[in-house]
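Everything below belongs to target33.txt, which stores compact mmCIF, C-alpha atoms and all ligand atoms.
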```txt
# COMPACT_ATOMS: atom_id res chain seq x y z
CA MET Y 260 -3.17 27.89 12.33
CA ASN Y 261 -3.74 26.43 8.88
CA GLU Y 262 -3.57 22.70 8.29
CA LYS Y 263 0.10 21.74 7.84
CA ARG Y 264 1.45 20.86 4.43
CA ILE Y 265 2.64 17.39 3.50
CA GLY Y 266 6.36 18.01 4.16
CA THR Y 267 5.70 19.34 7.64
CA LYS Y 268 3.46 16.36 8.37
CA CYS Y 269 6.21 13.98 7.18
CA VAL Y 270 8.72 15.52 9.58
CA GLN Y 271 6.58 16.33 12.59
CA GLY Y 272 3.25 14.49 12.28
CA GLY Y 273 2.00 12.08 14.91
CA TYR Y 274 4.20 13.24 17.77
CA THR Y 275 4.30 16.47 19.74
CA PRO Y 276 6.62 16.09 22.74
CA GLY Y 277 5.95 18.11 25.86
CA ASN Y 278 8.53 20.05 27.86
CA GLY Y 279 11.61 17.96 28.60
CA GLU Y 280 10.32 14.96 26.63
CA PRO Y 281 12.40 13.19 23.96
CA ARG Y 282 12.58 15.03 20.64
CA GLN Y 283 12.75 11.72 18.77
CA ILE Y 284 9.90 9.25 19.27
CA PRO Y 285 10.59 6.91 22.19
CA ILE Y 286 10.91 3.20 21.44
CA ILE Y 287 8.68 1.52 24.00
CA GLN Y 288 10.26 -1.92 23.86
CA SER Y 289 7.83 -3.57 26.22
CA THR Y 290 5.37 -6.38 25.61
CA THR Y 291 3.20 -5.40 28.54
CA PHE Y 292 2.09 -2.49 30.72
CA LYS Y 293 1.58 -2.21 34.47
CA TYR Y 294 -1.66 -1.42 36.34
CA ALA Y 295 -2.40 -1.00 40.04
CA THR Y 296 -5.82 -2.62 40.01
CA SER Y 297 -7.67 -5.27 38.04
CA GLU Y 298 -10.59 -2.83 37.68
CA GLU Y 299 -8.39 -0.40 35.73
CA MET Y 300 -7.17 -3.15 33.45
CA GLY Y 301 -10.71 -4.48 33.04
CA LYS Y 302 -11.80 -1.12 31.64
CA LEU Y 303 -9.14 -1.40 28.95
CA PHE Y 304 -10.32 -4.87 28.00
CA ASP Y 305 -13.87 -3.58 27.77
CA LEU Y 306 -12.63 -0.72 25.55
CA GLU Y 307 -14.15 1.68 28.10
CA ALA Y 308 -10.81 3.41 28.71
CA SER Y 309 -7.98 3.86 26.26
CA GLY Y 310 -4.52 2.66 27.18
CA TYR Y 311 -2.05 -0.11 26.57
CA PHE Y 312 -2.03 -3.56 28.07
CA TYR Y 313 -0.33 -5.91 25.61
CA SER Y 314 1.79 -5.04 22.59
CA ARG Y 315 0.24 -7.71 20.37
CA LEU Y 316 -2.77 -5.41 20.16
CA GLN Y 317 -1.25 -1.96 20.53
CA ASN Y 318 2.04 -0.36 21.37
CA PRO Y 319 2.70 3.38 21.91
CA THR Y 320 5.62 3.58 19.44
CA CYS Y 321 3.63 1.84 16.72
CA ASP Y 322 0.61 4.05 17.41
CA THR Y 323 2.72 7.22 17.16
CA VAL Y 324 3.90 6.22 13.70
CA ALA Y 325 0.39 5.12 12.67
CA ALA Y 326 -0.83 8.56 13.74
CA LYS Y 327 1.72 10.19 11.42
CA ILE Y 328 0.62 8.09 8.44
CA CYS Y 329 -3.00 8.84 9.36
CA GLU Y 330 -2.22 12.58 9.17
CA LEU Y 331 -0.37 12.15 5.89
CA GLU Y 332 -3.33 10.39 4.29
CA GLY Y 333 -5.91 12.67 5.90
CA GLY Y 334 -7.63 9.78 7.68
CA SER Y 335 -9.57 9.34 10.90
CA ALA Y 336 -7.70 6.35 12.36
CA ALA Y 337 -4.80 4.07 11.43
CA MET Y 338 -2.91 1.01 12.57
CA LEU Y 339 0.47 -0.48 11.72
CA THR Y 340 0.83 -4.12 10.76
CA CYS Y 341 3.96 -6.23 10.48
CA SER Y 342 3.88 -6.31 6.65
CA GLY Y 343 2.07 -4.96 3.63
CA GLN Y 344 0.60 -8.42 3.13
CA SER Y 345 -1.01 -8.40 6.57
CA ALA Y 346 -2.28 -4.84 5.94
CA ASN Y 347 -4.10 -5.93 2.78
CA PHE Y 348 -5.33 -9.14 4.40
CA PHE Y 349 -6.70 -7.28 7.44
CA ALA Y 350 -8.17 -4.47 5.32
CA VAL Y 351 -10.32 -6.95 3.40
CA PHE Y 352 -10.91 -9.55 6.13
CA ASN Y 353 -12.18 -6.81 8.45
CA LEU Y 354 -15.16 -6.48 6.06
CA ALA Y 355 -15.58 -9.83 4.37
CA THR Y 356 -15.99 -13.38 5.57
CA ALA Y 357 -16.78 -16.80 4.07
CA GLY Y 358 -19.52 -16.40 1.47
CA ASP Y 359 -18.62 -12.80 0.67
CA HIS Y 360 -17.20 -11.35 -2.50
CA ILE Y 361 -14.71 -8.61 -3.44
CA VAL Y 362 -14.13 -6.79 -6.73
CA ALA Y 363 -10.42 -6.15 -7.34
CA SER Y 364 -8.36 -4.59 -10.08
CA SER Y 365 -6.39 -7.25 -11.93
CA ALA Y 366 -3.37 -4.92 -12.02
CA ILE Y 367 -2.09 -5.52 -8.51
CA TYR Y 368 1.05 -6.81 -6.82
CA GLY Y 369 1.56 -10.56 -7.39
CA GLY Y 370 1.66 -11.30 -3.66
CA THR Y 371 -1.68 -9.57 -3.18
CA PHE Y 372 -3.14 -11.44 -6.14
CA ASN Y 373 -2.03 -14.72 -4.59
CA LEU Y 374 -3.39 -13.71 -1.18
CA PHE Y 375 -6.77 -12.96 -2.74
CA ALA Y 376 -7.09 -15.56 -5.48
CA VAL Y 377 -5.61 -18.50 -3.57
CA THR Y 378 -5.39 -18.03 0.19
CA MET Y 379 -8.49 -15.95 0.84
CA ALA Y 380 -10.41 -18.00 -1.74
CA LYS Y 381 -9.65 -21.03 0.47
CA MET Y 382 -11.27 -19.09 3.32
CA GLY Y 383 -14.45 -18.84 1.25
CA ILE Y 384 -14.07 -15.25 0.05
CA GLU Y 385 -14.46 -14.90 -3.71
CA PHE Y 386 -12.74 -12.29 -5.87
CA THR Y 387 -13.64 -10.99 -9.29
CA PHE Y 388 -10.72 -9.28 -11.04
CA VAL Y 389 -11.36 -6.50 -13.53
CA ALA Y 390 -8.86 -4.66 -15.71
CA PRO Y 391 -8.22 -1.12 -14.42
CA ASP Y 392 -9.43 0.22 -17.79
CA CYS Y 393 -12.38 -2.16 -18.14
CA SER Y 394 -15.62 -0.89 -19.67
CA GLU Y 395 -18.47 0.41 -17.52
CA GLU Y 396 -20.42 -2.78 -18.34
CA GLU Y 397 -17.55 -5.02 -17.22
CA LEU Y 398 -17.16 -3.10 -13.97
CA GLU Y 399 -20.91 -3.19 -13.31
CA LYS Y 400 -21.09 -6.92 -14.07
CA ALA Y 401 -18.36 -7.66 -11.53
CA PHE Y 402 -20.58 -6.69 -8.56
CA ARG Y 403 -22.79 -9.20 -6.75
CA PRO Y 404 -25.30 -8.81 -3.93
CA ASN Y 405 -22.63 -10.21 -1.53
CA THR Y 406 -19.84 -7.84 -2.69
CA LYS Y 407 -18.26 -6.17 0.35
CA ALA Y 408 -15.50 -3.97 -1.08
CA VAL Y 409 -13.57 -2.88 -4.15
CA PHE Y 410 -9.76 -3.05 -4.14
CA GLY Y 411 -7.06 -1.51 -6.35
CA GLU Y 412 -3.56 0.02 -6.33
CA THR Y 413 -2.90 3.70 -7.07
CA ILE Y 414 0.07 2.71 -9.24
CA ALA Y 415 0.10 -1.04 -9.79
CA ASN Y 416 3.22 -3.03 -8.99
CA PRO Y 417 4.78 -3.88 -11.43
CA ALA Y 418 2.38 -3.08 -14.29
CA LEU Y 419 2.46 0.65 -13.38
CA ARG Y 420 -1.19 1.03 -14.38
CA VAL Y 421 -2.72 4.07 -12.68
CA LEU Y 422 -6.15 3.42 -11.19
CA ASP Y 423 -8.93 5.87 -11.98
CA ILE Y 424 -9.72 6.22 -8.28
CA GLU Y 425 -12.76 8.48 -8.76
CA ARG Y 426 -14.32 6.04 -11.21
CA PHE Y 427 -13.77 2.99 -8.98
CA ALA Y 428 -14.97 4.92 -5.91
CA ALA Y 429 -18.18 5.93 -7.70
CA ALA Y 430 -18.82 2.31 -8.74
CA ALA Y 431 -18.13 1.04 -5.21
CA HIS Y 432 -20.38 3.65 -3.60
CA ALA Y 433 -23.20 3.00 -6.10
CA HIS Y 434 -23.18 -0.55 -4.71
CA GLY Y 435 -22.95 0.57 -1.09
CA VAL Y 436 -19.41 -0.70 -0.49
CA PRO Y 437 -16.08 1.02 0.27
CA LEU Y 438 -13.08 1.40 -2.02
CA ILE Y 439 -9.78 0.14 -0.57
CA ILE Y 440 -6.66 1.57 -2.20
CA ASP Y 441 -3.15 0.21 -1.78
CA ASN Y 442 -1.20 3.47 -2.01
CA THR Y 443 2.26 1.93 -1.62
CA PHE Y 444 3.85 3.21 -4.85
CA ALA Y 445 2.48 6.75 -4.88
CA THR Y 446 2.65 7.34 -1.11
CA PRO Y 447 0.68 10.25 0.39
CA ALA Y 448 3.51 12.55 -0.72
CA HIS Y 449 2.23 12.17 -4.29
CA CYS Y 450 -1.38 10.97 -4.02
CA ARG Y 451 -3.93 11.02 -1.27
CA PRO Y 452 -6.69 8.61 -2.37
CA PHE Y 453 -9.19 9.90 0.24
CA GLU Y 454 -9.28 13.21 -1.66
CA TRP Y 455 -10.60 11.24 -4.67
CA GLY Y 456 -13.27 9.20 -2.88
CA ALA Y 457 -11.38 6.16 -1.55
CA ASP Y 458 -12.51 4.98 1.89
CA ILE Y 459 -9.61 2.89 3.18
CA VAL Y 460 -5.92 3.07 2.28
CA THR Y 461 -3.28 0.41 2.80
CA HIS Y 462 0.50 0.48 2.52
CA SER Y 463 3.44 -1.79 2.34
CA THR Y 464 5.57 0.59 4.41
CA THR Y 465 8.48 -1.69 3.49
CA LYS Y 466 8.73 0.35 0.29
CA TYR Y 467 9.07 4.13 -0.06
CA MET Y 468 7.79 4.97 3.43
CA ASP Y 469 10.67 3.12 5.06
CA GLY Y 470 12.70 3.84 1.96
CA HIS Y 471 15.98 2.34 3.12
CA GLY Y 472 15.26 -1.37 3.02
CA ALA Y 473 15.43 -1.53 6.81
CA ALA Y 474 12.11 -2.92 8.08
CA VAL Y 475 9.17 -4.87 6.64
CA GLY Y 476 5.88 -3.27 7.63
CA GLY Y 477 2.36 -2.25 6.68
CA CYS Y 478 -0.32 0.23 7.55
CA ILE Y 479 -4.09 0.57 7.22
CA VAL Y 480 -5.77 3.98 7.32
CA ASP Y 481 -9.51 4.62 7.52
CA SER Y 482 -10.91 7.82 6.01
CA GLY Y 483 -13.82 7.76 8.46
CA LYS Y 484 -16.08 8.66 5.53
CA PHE Y 485 -17.86 5.37 4.94
CA ASP Y 486 -21.19 5.15 6.77
CA TRP Y 487 -21.20 1.55 8.01
CA MET Y 488 -24.54 1.89 9.77
CA ALA Y 489 -26.22 3.03 6.53
CA HIS Y 490 -25.19 -0.39 5.13
CA ALA Y 491 -25.57 -2.34 8.37
CA ASP Y 492 -26.98 -5.43 6.63
CA LYS Y 493 -23.73 -5.80 4.66
CA TYR Y 494 -21.39 -5.29 7.63
CA PRO Y 495 -22.68 -7.29 10.62
CA GLY Y 496 -19.12 -7.46 11.95
CA LEU Y 497 -19.13 -3.69 12.45
CA CYS Y 498 -22.81 -3.05 13.03
CA THR Y 499 -23.96 -5.88 15.34
CA PRO Y 500 -22.56 -6.92 18.75
CA ASP Y 501 -19.18 -8.70 18.70
CA GLU Y 502 -19.75 -11.54 21.15
CA SER Y 503 -16.00 -12.21 21.16
CA TYR Y 504 -15.48 -8.71 22.49
CA HIS Y 505 -17.97 -8.22 25.31
CA GLY Y 506 -20.88 -7.60 22.92
CA ILE Y 507 -19.47 -4.33 21.60
CA THR Y 508 -21.03 -2.92 18.42
CA TYR Y 509 -18.05 -1.13 16.90
CA ALA Y 510 -19.96 1.27 14.66
CA GLU Y 511 -22.15 2.40 17.57
CA ARG Y 512 -19.41 2.72 20.17
CA PHE Y 513 -16.65 4.18 18.00
CA GLY Y 514 -18.62 5.93 15.27
CA GLN Y 515 -17.85 6.24 11.61
CA GLY Y 516 -14.30 7.45 12.20
CA GLY Y 517 -13.18 4.81 14.70
CA ALA Y 518 -15.17 1.61 14.15
CA TYR Y 519 -13.15 0.03 11.36
CA ILE Y 520 -9.67 0.38 12.90
CA THR Y 521 -10.92 -0.47 16.41
CA LYS Y 522 -12.43 -3.70 15.11
CA ALA Y 523 -9.26 -4.54 13.16
CA THR Y 524 -7.19 -3.97 16.31
CA ALA Y 525 -9.46 -5.53 18.93
CA GLN Y 526 -10.44 -8.53 16.84
CA LEU Y 527 -7.98 -9.23 14.02
CA MET Y 528 -4.78 -8.14 15.75
CA ARG Y 529 -5.90 -9.92 18.91
CA ASP Y 530 -6.57 -13.18 17.07
CA LEU Y 531 -3.99 -13.10 14.27
CA GLY Y 532 -1.21 -11.06 15.87
CA ALA Y 533 0.44 -9.52 12.80
CA THR Y 534 2.11 -7.04 15.12
CA PRO Y 535 5.01 -4.79 14.12
CA ALA Y 536 8.00 -4.45 16.43
CA PRO Y 537 8.38 -1.04 18.11
CA GLN Y 538 11.93 -0.92 16.75
CA SER Y 539 10.59 -1.39 13.21
CA ALA Y 540 8.07 1.40 13.77
CA PHE Y 541 10.93 3.66 14.89
CA LEU Y 542 12.89 2.87 11.70
CA LEU Y 543 9.77 3.50 9.63
CA ASN Y 544 9.40 6.90 11.25
CA LEU Y 545 12.96 7.82 10.28
CA GLY Y 546 12.04 7.03 6.69
CA LEU Y 547 8.81 9.01 6.87
CA GLU Y 548 10.68 12.12 8.01
CA SER Y 549 12.23 12.45 4.54
CA LEU Y 550 9.47 10.83 2.44
CA HIS Y 551 8.44 14.02 0.63
CA VAL Y 552 12.04 14.89 -0.30
CA ARG Y 553 12.89 11.38 -1.43
CA MET Y 554 9.70 10.88 -3.48
CA LYS Y 555 10.51 13.96 -5.55
CA ARG Y 556 13.97 12.59 -6.38
CA HIS Y 557 12.70 9.05 -7.04
CA ALA Y 558 10.14 10.39 -9.53
CA GLU Y 559 12.69 12.69 -11.23
CA ASN Y 560 15.10 9.78 -11.63
CA GLY Y 561 12.24 7.60 -12.93
CA LEU Y 562 11.39 10.12 -15.63
CA ALA Y 563 15.03 10.62 -16.67
CA VAL Y 564 15.61 6.85 -16.95
CA ALA Y 565 12.30 6.29 -18.78
CA LYS Y 566 13.18 8.97 -21.34
CA PHE Y 567 16.60 7.41 -21.94
CA LEU Y 568 15.15 3.91 -22.37
CA GLN Y 569 12.38 5.15 -24.66
CA ASN Y 570 14.96 6.15 -27.25
CA HIS Y 571 17.20 3.08 -26.98
CA GLU Y 572 17.23 0.67 -29.91
CA LYS Y 573 17.47 -2.43 -27.69
CA ILE Y 574 14.36 -1.53 -25.70
CA THR Y 575 11.03 -2.66 -27.17
CA TRP Y 576 8.69 -0.75 -24.86
CA VAL Y 577 8.78 1.46 -21.75
CA ARG Y 578 6.07 2.07 -19.19
CA PHE Y 579 6.28 5.07 -16.93
CA PRO Y 580 3.05 6.96 -16.33
CA GLU Y 581 4.75 10.37 -16.58
CA LEU Y 582 6.06 9.69 -20.09
CA GLU Y 583 4.10 11.70 -22.61
CA GLY Y 584 2.05 9.29 -24.68
CA ASP Y 585 1.94 6.67 -21.91
CA VAL Y 586 -1.42 4.89 -21.71
CA ASP Y 587 -1.94 6.36 -18.20
CA TYR Y 588 -0.33 9.77 -18.76
CA GLU Y 589 -3.60 11.66 -18.25
CA LEU Y 590 -4.53 9.71 -15.12
CA ALA Y 591 -1.04 10.27 -13.70
CA LYS Y 592 -1.28 14.03 -14.31
CA LYS Y 593 -4.71 14.11 -12.67
CA TYR Y 594 -3.98 12.03 -9.58
CA MET Y 595 -0.25 12.75 -9.15
CA PRO Y 596 0.53 16.21 -10.53
CA ASP Y 597 3.74 16.46 -8.46
CA GLY Y 598 5.18 13.19 -9.78
CA THR Y 599 4.52 9.48 -9.50
CA CYS Y 600 7.28 7.16 -8.28
CA GLY Y 601 10.69 5.87 -9.31
CA VAL Y 602 9.65 2.57 -10.82
CA VAL Y 603 9.99 2.10 -14.56
CA SER Y 604 9.11 -1.08 -16.42
CA PHE Y 605 10.36 -2.02 -19.86
CA GLY Y 606 11.01 -4.87 -22.28
CA VAL Y 607 14.44 -5.74 -23.66
CA LYS Y 608 14.66 -6.74 -27.34
CA GLY Y 609 15.06 -10.52 -27.36
CA GLY Y 610 12.53 -11.15 -24.58
CA ARG Y 611 13.04 -13.15 -21.41
CA LYS Y 612 16.61 -14.35 -22.19
CA ALA Y 613 17.84 -10.90 -23.24
CA ALA Y 614 16.30 -9.34 -20.12
CA GLU Y 615 18.12 -11.80 -17.89
CA ALA Y 616 21.43 -11.25 -19.73
CA PHE Y 617 21.10 -7.47 -19.56
CA MET Y 618 20.37 -7.54 -15.82
CA LYS Y 619 23.58 -9.47 -15.15
CA HIS Y 620 25.62 -6.58 -16.61
CA LEU Y 621 24.12 -3.86 -14.41
CA LYS Y 622 26.64 -2.52 -11.90
CA ILE Y 623 24.70 0.08 -9.91
CA ALA Y 624 21.28 -1.58 -9.95
CA ALA Y 625 21.20 -4.78 -7.90
CA ILE Y 626 18.85 -7.68 -8.62
CA GLU Y 627 16.52 -7.73 -5.63
CA THR Y 628 13.07 -8.90 -4.62
CA HIS Y 629 12.45 -5.38 -3.55
CA VAL Y 630 11.43 -2.06 -4.95
CA ALA Y 631 11.07 1.55 -3.87
CA ASP Y 632 14.33 1.83 -1.99
CA ALA Y 633 17.11 4.45 -1.73
CA ARG Y 634 19.38 2.09 -3.75
CA THR Y 635 18.44 1.30 -7.32
CA CYS Y 636 17.30 -2.28 -7.82
CA CYS Y 637 15.69 -4.35 -10.53
CA LEU Y 638 13.75 -7.56 -10.96
CA HIS Y 639 12.36 -9.86 -13.61
CA PRO Y 640 8.87 -10.46 -12.12
CA ALA Y 641 7.92 -13.40 -14.37
CA SER Y 642 10.74 -15.44 -12.85
CA ALA Y 643 10.45 -14.04 -9.31
CA THR Y 644 7.51 -12.28 -7.61
CA HIS Y 645 4.95 -13.38 -10.21
CA ARG Y 646 6.24 -16.88 -10.91
CA GLN Y 647 3.11 -18.46 -9.38
CA MET Y 648 0.99 -16.94 -12.18
CA ASN Y 649 0.32 -18.63 -15.50
CA ASP Y 650 0.78 -16.64 -18.75
CA GLU Y 651 -2.89 -15.65 -18.86
CA GLN Y 652 -2.83 -14.31 -15.29
CA LEU Y 653 0.48 -12.55 -16.00
CA LEU Y 654 -0.99 -10.73 -18.96
CA ALA Y 655 -4.15 -9.83 -16.99
CA ALA Y 656 -1.91 -8.32 -14.31
CA GLY Y 657 -0.09 -6.37 -17.03
CA VAL Y 658 3.13 -8.35 -16.57
CA SER Y 659 4.58 -9.61 -19.86
CA PRO Y 660 7.27 -12.33 -19.65
CA ASP Y 661 9.92 -9.85 -20.89
CA LEU Y 662 9.06 -7.16 -18.30
CA VAL Y 663 11.98 -5.77 -16.29
CA ARG Y 664 11.01 -3.73 -13.24
CA TYR Y 665 13.65 -1.10 -12.56
CA SER Y 666 13.29 0.87 -9.36
CA CYS Y 667 15.24 4.13 -9.44
CA GLY Y 668 16.84 4.94 -6.13
CA LEU Y 669 18.23 8.26 -5.00
CA GLU Y 670 21.53 8.09 -6.91
CA ASP Y 671 22.43 10.58 -9.66
CA ALA Y 672 20.23 10.00 -12.71
CA GLN Y 673 23.20 10.31 -15.08
CA ASP Y 674 25.03 7.46 -13.31
CA LEU Y 675 21.94 5.25 -13.59
CA ILE Y 676 21.65 6.05 -17.29
CA GLU Y 677 25.33 5.29 -17.92
CA ASP Y 678 24.95 1.98 -16.07
CA LEU Y 679 21.90 1.06 -18.16
CA ALA Y 680 23.71 2.08 -21.35
CA GLN Y 681 26.76 -0.11 -20.68
CA ALA Y 682 24.57 -3.10 -19.74
CA LEU Y 683 22.55 -2.74 -22.97
CA ASP Y 684 25.79 -2.38 -24.98
CA ALA Y 685 27.05 -5.63 -23.44
CA ILE Y 686 24.23 -7.78 -24.88
CA ASP Y 687 23.78 -8.64 -28.54
C1 LIG Y 701 1.82 -2.60 -3.84
C2 LIG Y 701 2.23 -3.60 -2.81
N1 LIG Y 701 1.35 -3.96 -1.86
C3 LIG Y 701 1.68 -4.85 -0.89
C4 LIG Y 701 2.92 -5.45 -0.88
C5 LIG Y 701 3.25 -6.45 0.19
O1 LIG Y 701 4.03 -5.81 1.12
P1 LIG Y 701 5.10 -6.52 2.10
O2 LIG Y 701 6.18 -7.08 1.25
O3 LIG Y 701 5.52 -5.41 3.00
O4 LIG Y 701 4.36 -7.59 2.84
C6 LIG Y 701 3.86 -5.10 -1.84
C7 LIG Y 701 5.20 -5.72 -1.84
O5 LIG Y 701 5.97 -5.57 -2.77
C8 LIG Y 701 3.51 -4.14 -2.83
O6 LIG Y 701 4.37 -3.76 -3.77
```

Give the structure from this file in C-alpha cells form.
Amino acid sequence: MNEKRIGTKCVQGGYTPGNGEPRQIPIIQSTTFKYATSEEMGKLFDLEASGYFYSRLQNPTCDTVAAKICELEGGSAAMLTCSGQSANFFAVFNLATAGDHIVASSAIYGGTFNLFAVTMAKMGIEFTFVAPDCSEEELEKAFRPNTKAVFGETIANPALRVLDIERFAAAAHAHGVPLIIDNTFATPAHCRPFEWGADIVTHSTTKYMDGHGAAVGGCIVDSGKFDWMAHADKYPGLCTPDESYHGITYAERFGQGGAYITKATAQLMRDLGATPAPQSAFLLNLGLESLHVRMKRHAENGLAVAKFLQNHEKITWVRFPELEGDVDYELAKKYMPDGTCGVVSFGVKGGRKAAEAFMKHLKIAAIETHVADARTCCLHPASATHRQMNDEQLLAAGVSPDLVRYSCGLEDAQDLIEDLAQALDAID
C-alpha cells in the first residue's frame, strides 16, 4: 500500500489497535511499570531491551502521540516534552554544551530568544542571531569552528517571516552541522521541513497541534538524516561513550535514526524531567486528529482578514505571507503551497496607544498570551511576550512597537471582519 497522505496520518497515525483493543488511544496514567525480575528491569536500564519503567523518561501514551507526530513530519524518531520551551531547549542542549555556539535566525518567538540569549548564554552556550534574509556573507560570517547547529522557525512568531529552509540547510550542512526548525506555526499539515533539508524539527504542540487551548506541550522529531559519526569530533555526546549511561555510545548503538532522540530521552529527560502528562498527550492527540482540516480553515481565515485589513485606512501595514506583494510571498508559495497559518500581524495608525485602544473594542477576538487556537485571539507583543526585549532587539526580531498579532480561529471569516471593522471604527 502507498504511503498514507497527511490527513490519514493525522487521524490514524501512531496507533494501530489490535482485535478487541481500544479504538481511542489508552491513557496509561501510571508513573511506573511492574517487572517480575531485577534482571528484566536491568536490561531496560541498560537500553538492551525496550520497555517502560518510569514515566519521567517514557510513557506509552506519550510515545503513541510522539509516533503520530513523527509520521506527520516524516521523521525517524520523536519524543514529547511538557512544553515548546523544553522542546527547543532539549533540541539544542542535546547537541551543544558550555563553550559551544549556535547560529539562529533573529526572527524567532520571544520566549525562545530569551531562552537562547539569556538562559542558555548563562550556561556557556553562545548564539549568533542572523536576519532570515541576511546576505550570504552575513550568514557565512556567523559560523565558528565551535558552531553545533543552526536554528530557525518556518513561520516566525510573531514577525511572520518565512525561513528559506533550503538555504539555511545548505549553509548548516556546508559547516557540518544540522538545521533545527521550529515548525509550530506551519505544522506538518502545511510544511514538512525534512523535505527541504532540515534535520530536526521542534514544536510547541500547545498551538495548532493541540488547537483548542487545552494542554501545554512540545515535541522534538529527528529526521534520521544527519550523519553524527561523520562529524564525531563535533558531537562527543552522541559519538563517544556516555559514562552516565553505562558507557553507551548512542550513535553506534542506535544508529543515525535513533541516536539523537534516545540520548535526549535517556540523558536529558532523565536528568531534567520535562515530562508531559499522559492526559495531556491524549488531549494533544484529539487535536492532531483534525489538524489538517483546521489548518486549512485557519489559513483561509488568515487570508480573508489580511485582505480586509490591507485596504483599511486605519491600518498602516499588514503582514501575512500569503498576501500578494508580501515580502515573503514567494517563500510562502514555495514552502507552503496549501496555505500558511491563521496568524496575521499589522500596525494600527497611531502606533502603540491606538493598537491598545483598538484591541479593547474587539468583541470576538480575546486578548490572550496565546496564538494558534480554535478561538480568535490577539496580542500586543511589545507589551507582553516580547517585553523583555529592548527596541533594537524588537526590530531585529521583526516586532515593531505597534505590531498587533491577530490569530484567526475557526469562526466565520465574515464575523471576524465585522468585529475588526467595528473596533477600528470605534477609535479615532
Ligand atoms: C514558535 C514557538 N516556539 C515555541 C514556543 C514555546 O512553546 P510553549 O509555550 O508551549 O512552551 C512558542 C510559544 O508561543 C512558539 O510560538

Using only C-alpha atoms and all ligand atoms, tabulate the residues of chain Y lying at most 6 Å from any atom of ligand LIG 701 (chain Y), each with its closest atom pair and that distance in Å to one decimal, by chain and increasing residue number, as a tab-separated table.
```
residue	atom	partner	partner_atom	distance
Y:Ser342	CA	Y:LIG701	O4	4.0
Y:Gly343	CA	Y:LIG701	O1	3.3
Y:Gln344	CA	Y:LIG701	O4	3.9
Y:Tyr368	CA	Y:LIG701	C1	5.2
Y:Asn416	CA	Y:LIG701	C1	5.4
Y:Thr443	CA	Y:LIG701	C1	5.1
Y:Ser463	CA	Y:LIG701	O3	4.2
Y:Thr465	CA	Y:LIG701	O3	4.8
Y:Val475	CA	Y:LIG701	O3	5.2
Y:Gly476	CA	Y:LIG701	O3	5.1
Y:Gly477	CA	Y:LIG701	O3	5.8
```

Give me the range 555-651 of chain Y side of the contact with range 444-455 of chain Y, cut-off 8 Å, one line per residue showing its nearest atom pair and distance in Å at one decimal, counting only C-alpha atoms, sorted by chain and residue number, as JSON lines.
```
{"residue": "Y:Tyr594", "atom": "CA", "partner": "Y:Cys450", "partner_atom": "CA", "distance": 6.2}
{"residue": "Y:Met595", "atom": "CA", "partner": "Y:His449", "partner_atom": "CA", "distance": 5.5}
{"residue": "Y:Pro596", "atom": "CA", "partner": "Y:His449", "partner_atom": "CA", "distance": 7.6}
{"residue": "Y:Asp597", "atom": "CA", "partner": "Y:His449", "partner_atom": "CA", "distance": 6.2}
{"residue": "Y:Gly598", "atom": "CA", "partner": "Y:His449", "partner_atom": "CA", "distance": 6.3}
{"residue": "Y:Thr599", "atom": "CA", "partner": "Y:Ala445", "partner_atom": "CA", "distance": 5.7}
{"residue": "Y:Cys600", "atom": "CA", "partner": "Y:Ala445", "partner_atom": "CA", "distance": 5.9}
{"residue": "Y:Ala631", "atom": "CA", "partner": "Y:Phe444", "partner_atom": "CA", "distance": 7.5}
```

Enclose range 399-405 of chain Y, meaning all of its atoms listed in the file, in a box aligned along x, y and z, pad it by 6 Å on each side, and list the centre and edge lengths in Å to one decimal, as AutoDock Vina command-line options.
```
--center_x -21.8 --center_y -6.7 --center_z -7.8 --size_x 18.9 --size_y 19.0 --size_z 24.5
```

*Tell me, in Å to one decimal, how far CA of Ala682 in chain Y is from CA of Leu621 in chain Y.*
5.4 Å

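Relative to CA of Gly334 in chain Y, CA of Ala430 in chain Y is found at 21.2 Å.
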
*Using CA of Asp469 in chain Y and CA of Leu662 in chain Y as the two end points, give the distance in Å to one decimal.*
25.6 Å

_as a VMD selection string, please: the residues near Glu548 in chain Y (cut-off 10 Å, only C-alpha atoms, same-chain neighbours under 4 positions excluded)._
chain Y and resid 266 to 272 327 468 to 469 543 to 544 552 to 553

_Distance criterion (only C-alpha atoms): nearest to Cys321 in chain Y out of Y:Asn570, Y:Gln538, Y:Ser642, Y:Thr356_ = Y:Gln538

*Among listed residues Y:Asp674, Y:Met382, Y:Phe541, Y:Glu589, nearest Thr323 in chain Y (using only C-alpha atoms)*: Y:Phe541

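Closest to Lys400 in chain Y among Y:Gln526, Y:Thr387, Y:Gln647, Y:Ser345 is Y:Thr387, based on only C-alpha atoms.
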
*asked:* For a quick check of understanding, using all atoms listed in the file, which of Y:Pro319, Y:Gly657, Y:Pro281, Y:Gly358 has the smallest distance to Ile384 in chain Y?
replied: Y:Gly358

_Test item: residues at most 8 Å from range 346-348 of chain Y, only C-alpha atoms, excluding those fewer than 2 positions along its chain, as a ChimeraX atom specification_ = /Y:339-344,350-352,371,374,441,461-463,477-479

Residues near Gly483 in chain Y, anyone? I mean within 10 Å using all atoms listed in the file, not counting same-chain ones fewer than 3 positions away, as a compact mmCIF listing (two decimals) with C-alpha atoms, keeping the file's coordinate frame.
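Wrote it out as selection.txt, contents follow:
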```
# COMPACT_ATOMS: atom_id res chain seq x y z
CA GLY Y 333 -5.91 12.67 5.90
CA GLY Y 334 -7.63 9.78 7.68
CA SER Y 335 -9.57 9.34 10.90
CA ALA Y 336 -7.70 6.35 12.36
CA PHE Y 453 -9.19 9.90 0.24
CA ASP Y 458 -12.51 4.98 1.89
CA ILE Y 459 -9.61 2.89 3.18
CA VAL Y 480 -5.77 3.98 7.32
CA ASP Y 486 -21.19 5.15 6.77
CA TRP Y 487 -21.20 1.55 8.01
CA GLY Y 514 -18.62 5.93 15.27
CA GLN Y 515 -17.85 6.24 11.61
CA GLY Y 516 -14.30 7.45 12.20
CA GLY Y 517 -13.18 4.81 14.70
CA ALA Y 518 -15.17 1.61 14.15
CA TYR Y 519 -13.15 0.03 11.36
CA ILE Y 520 -9.67 0.38 12.90
```

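Nearest residue to Ala363 in chain Y, choosing from Y:Ile626, Y:Ala565, Y:Ala308, Y:Leu438 and counting only C-alpha atoms: Y:Leu438.
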